[in-house]
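**Q** Dumping the structure here so I can ask a few things about it.
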Amino acid sequence: MILLDYKDRRPIYEQIVEKLKDLMICGVLEQDSQLPSVRNLATDLSINPNTIQRAYAELERRGFIYSVKGRGSFVADTSSIQALKNNELRIKLGEWIDEAKRSGFTEDKVHTWIAKGWIKQEYLTGGGEIE
């Protein structure tokens with residue numbers, strides 16, 4: 001479910017927040033579904049329960065999950081999470097387009113990159129040359 005990258009400079013709790021958010025966005029964790037208990041997830045990931053508690057607290061602060069006393073933590077309204085992700089992607093795409101324009105690339109070239117990248121993911125991850 002969650003794989004941690006110990007080479008990542010971000011704190012472990014931030015990685016957990018991001019991974020759980022991604023699982024919510026893609027529908028693996030559905031609205032109102034229960035998250036693993038702090039203790040169970042900490043055991044599964046072989047990390048301190050306080051780290052999981054901090055991640056859950058951050059997710060709750062952002063409105064991604066809610067807690068029910070004595071029952072655990074649950075996924076909140078996933079449509080708000082999806083809207084947030086859409087907005088983040090639009091901002092990143094806008095920044096990328098602005099940089100491509102400043103670098104002198106044509107609209108046709110950018111369209112070609114996007115079309116090829118959509119079909120072959122390695123173009124977007126540095127695994128291939130886009131012409």
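Going through the structure tokens in order, the chains are called A, B, and so on, while each chain numbers its residues from 1 and the ligands are numbered from 1 in the order shown.
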List every residue of segment 9-44 of chain A that DSSP, applied to the backbone, labels as alpha helix (DSSP H), and write the result as a list in words.
**A** Ile12, Tyr13, Glu14, Gln15, Ile16, Val17, Glu18, Lys19, Leu20, Lys21, Asp22, Leu23, Met24, Ile25, Val38, Arg39, Asn40, Leu41, Ala42, Thr43 and Asp44 of chain A
**Q** Using only C-alpha atoms, which protein or nucleic acid residues come within 8 Å of Phe64 of chain A? Drop anything in the same chain fewer than 6 positions from it, and give the result as a list in words.
**A**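 Answer for this query is Lys21, Val75, Ala76, Asp77, Thr78 and Ile81 of chain A.
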**Q** Out of A:Asn40, A:Ser103, A:Gln34, A:Ser46, which residue has the shortest atom-to-atom distance to Leu3 of chain A when counting only C-alpha atoms?
**A** A:Ser46
**Q** Please give the complete set of residues from segment 29-107 of chain A that DSSP, run on the backbone, assigns to strand (DSSP E or B), formatted as a ChimeraX atom specification.
**A** /A:34,65-68,72-75
**Q** Please identify all polymer residues within 12 Å of Val28 of chain A, counting only C-alpha atoms, omitting same-chain residues fewer than 4 positions from it, and present them as a PyMOL selection string.
**A** chain A and resi 1-2+19-24+32-35+75+78
**Q** Selected residues, N, CA and C atoms, written as an mmCIF file, in the first residue's frame, please.
**A**
data_model
loop_
_atom_site.group_PDB
_atom_site.id
_atom_site.type_symbol
_atom_site.label_atom_id
_atom_site.label_comp_id
_atom_site.auth_asym_id
_atom_site.auth_seq_id
_atom_site.Cartn_x
_atom_site.Cartn_y
_atom_site.Cartn_z
ATOM 1 N N MET A 1 0.823 -1.200 0.000
ATOM 2 C CA MET A 1 0.000 0.000 0.000
ATOM 3 C C MET A 1 0.865 1.261 0.000
ATOM 4 N N ILE A 2 1.800 1.361 0.933
ATOM 5 C CA ILE A 2 2.660 2.542 1.018
ATOM 6 C C ILE A 2 4.111 2.089 1.021
ATOM 7 N N LYS A 19 1.406 9.864 0.035
ATOM 8 C CA LYS A 19 0.985 8.548 -0.467
ATOM 9 C C LYS A 19 -0.493 8.303 -0.185
ATOM 10 N N LEU A 20 -0.947 8.622 1.016
ATOM 11 C CA LEU A 20 -2.359 8.418 1.340
ATOM 12 C C LEU A 20 -3.253 9.332 0.501
ATOM 13 N N LYS A 21 -2.800 10.564 0.296
ATOM 14 C CA LYS A 21 -3.542 11.494 -0.565
ATOM 15 C C LYS A 21 -3.665 10.924 -1.975
ATOM 16 N N ASP A 22 -2.575 10.384 -2.500
ATOM 17 C CA ASP A 22 -2.591 9.784 -3.840
ATOM 18 C C ASP A 22 -3.563 8.605 -3.903
ATOM 19 N N LEU A 23 -3.573 7.790 -2.860
ATOM 20 C CA LEU A 23 -4.490 6.646 -2.820
ATOM 21 C C LEU A 23 -5.949 7.106 -2.778
ATOM 22 N N MET A 24 -6.193 8.239 -2.140
ATOM 23 C CA MET A 24 -7.549 8.806 -2.109
ATOM 24 C C MET A 24 -7.935 9.346 -3.481
ATOM 25 N N ASP A 32 -15.275 7.772 3.053
ATOM 26 C CA ASP A 32 -15.818 7.129 4.254
ATOM 27 C C ASP A 32 -15.205 5.756 4.557
ATOM 28 N N SER A 33 -14.183 5.338 3.794
ATOM 29 C CA SER A 33 -13.520 4.079 4.132
ATOM 30 C C SER A 33 -12.563 4.324 5.296
ATOM 31 N N GLN A 34 -12.401 3.301 6.104
ATOM 32 C CA GLN A 34 -11.566 3.424 7.292
ATOM 33 C C GLN A 34 -10.097 3.222 6.952
ATOM 34 N N LEU A 35 -9.263 4.090 7.496
ATOM 35 C CA LEU A 35 -7.815 3.950 7.343
ATOM 36 C C LEU A 35 -7.313 2.920 8.353
ATOM 37 N N VAL A 75 -11.710 8.348 5.463
ATOM 38 C CA VAL A 75 -11.479 9.234 4.324
ATOM 39 C C VAL A 75 -12.652 10.209 4.212
ATOM 40 N N THR A 78 -13.857 12.851 -1.083
ATOM 41 C CA THR A 78 -12.764 12.747 -2.038
ATOM 42 C C THR A 78 -12.883 13.750 -3.185
#
**Q** Find the residues around Tyr13 of chain A up to 8 Å (only C-alpha atoms counted), leave out those fewer than 4 positions away in its own chain, and share them as a list in words.
**A**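 Returned residues: Val17, Thr51, Ile52, Arg54 and Ala55 of chain A.
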**Q** Between atom CA of Ala115 of chain A and atom CA of Ile91 of chain A, what is the distance, to one decimal in Å?
**A**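 That distance, rounded to one decimal, is 19.4 Å.
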**Q** Name the residues in contact with Leu4 of chain A at a cut-off of 8 Å, using only C-alpha atoms, excluding same-chain residues fewer than 5 positions from it; report them as a PDB file with N, CA and C atoms, in the first residue's frame.
**A**
ATOM      1  N   ILE A  12       9.435  11.461   6.827  1.00  0.00           N
ATOM      2  CA  ILE A  12       8.626  10.263   6.585  1.00  0.00           C
ATOM      3  C   ILE A  12       7.131  10.591   6.673  1.00  0.00           C
ATOM      4  N   GLN A  15       5.848  12.002   3.497  1.00  0.00           N
ATOM      5  CA  GLN A  15       5.716  10.980   2.462  1.00  0.00           C
ATOM      6  C   GLN A  15       4.426  10.187   2.663  1.00  0.00           C
ATOM      7  N   ILE A  16       4.120   9.873   3.908  1.00  0.00           N
ATOM      8  CA  ILE A  16       2.895   9.125   4.205  1.00  0.00           C
ATOM      9  C   ILE A  16       1.670   9.952   3.843  1.00  0.00           C
TER      10      ILE A  16
END
**Q** To one decimal place, how far is atom CA of Phe74 of chain A from atom CA of Pro36 of chain A in Å?
**A**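 Atom CA of Pro36 of chain A lies 9.0 Å from atom CA of Phe74 of chain A.
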**Q** I need the residue nearest Leu45 of chain A from this list: A:Val110, A:Ser79, A:Asp5, A:Arg90. Use only C-alpha atoms for the distance.
**A**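 Once distances to Leu45 of chain A are computed over only C-alpha atoms, the minimum belongs to A:Asp5.
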**Q** Quick one: distance from atom CA of Asp44 of chain A to atom CA of Gln82 of chain A in Å, one decimal?
**A** 27.0 Å
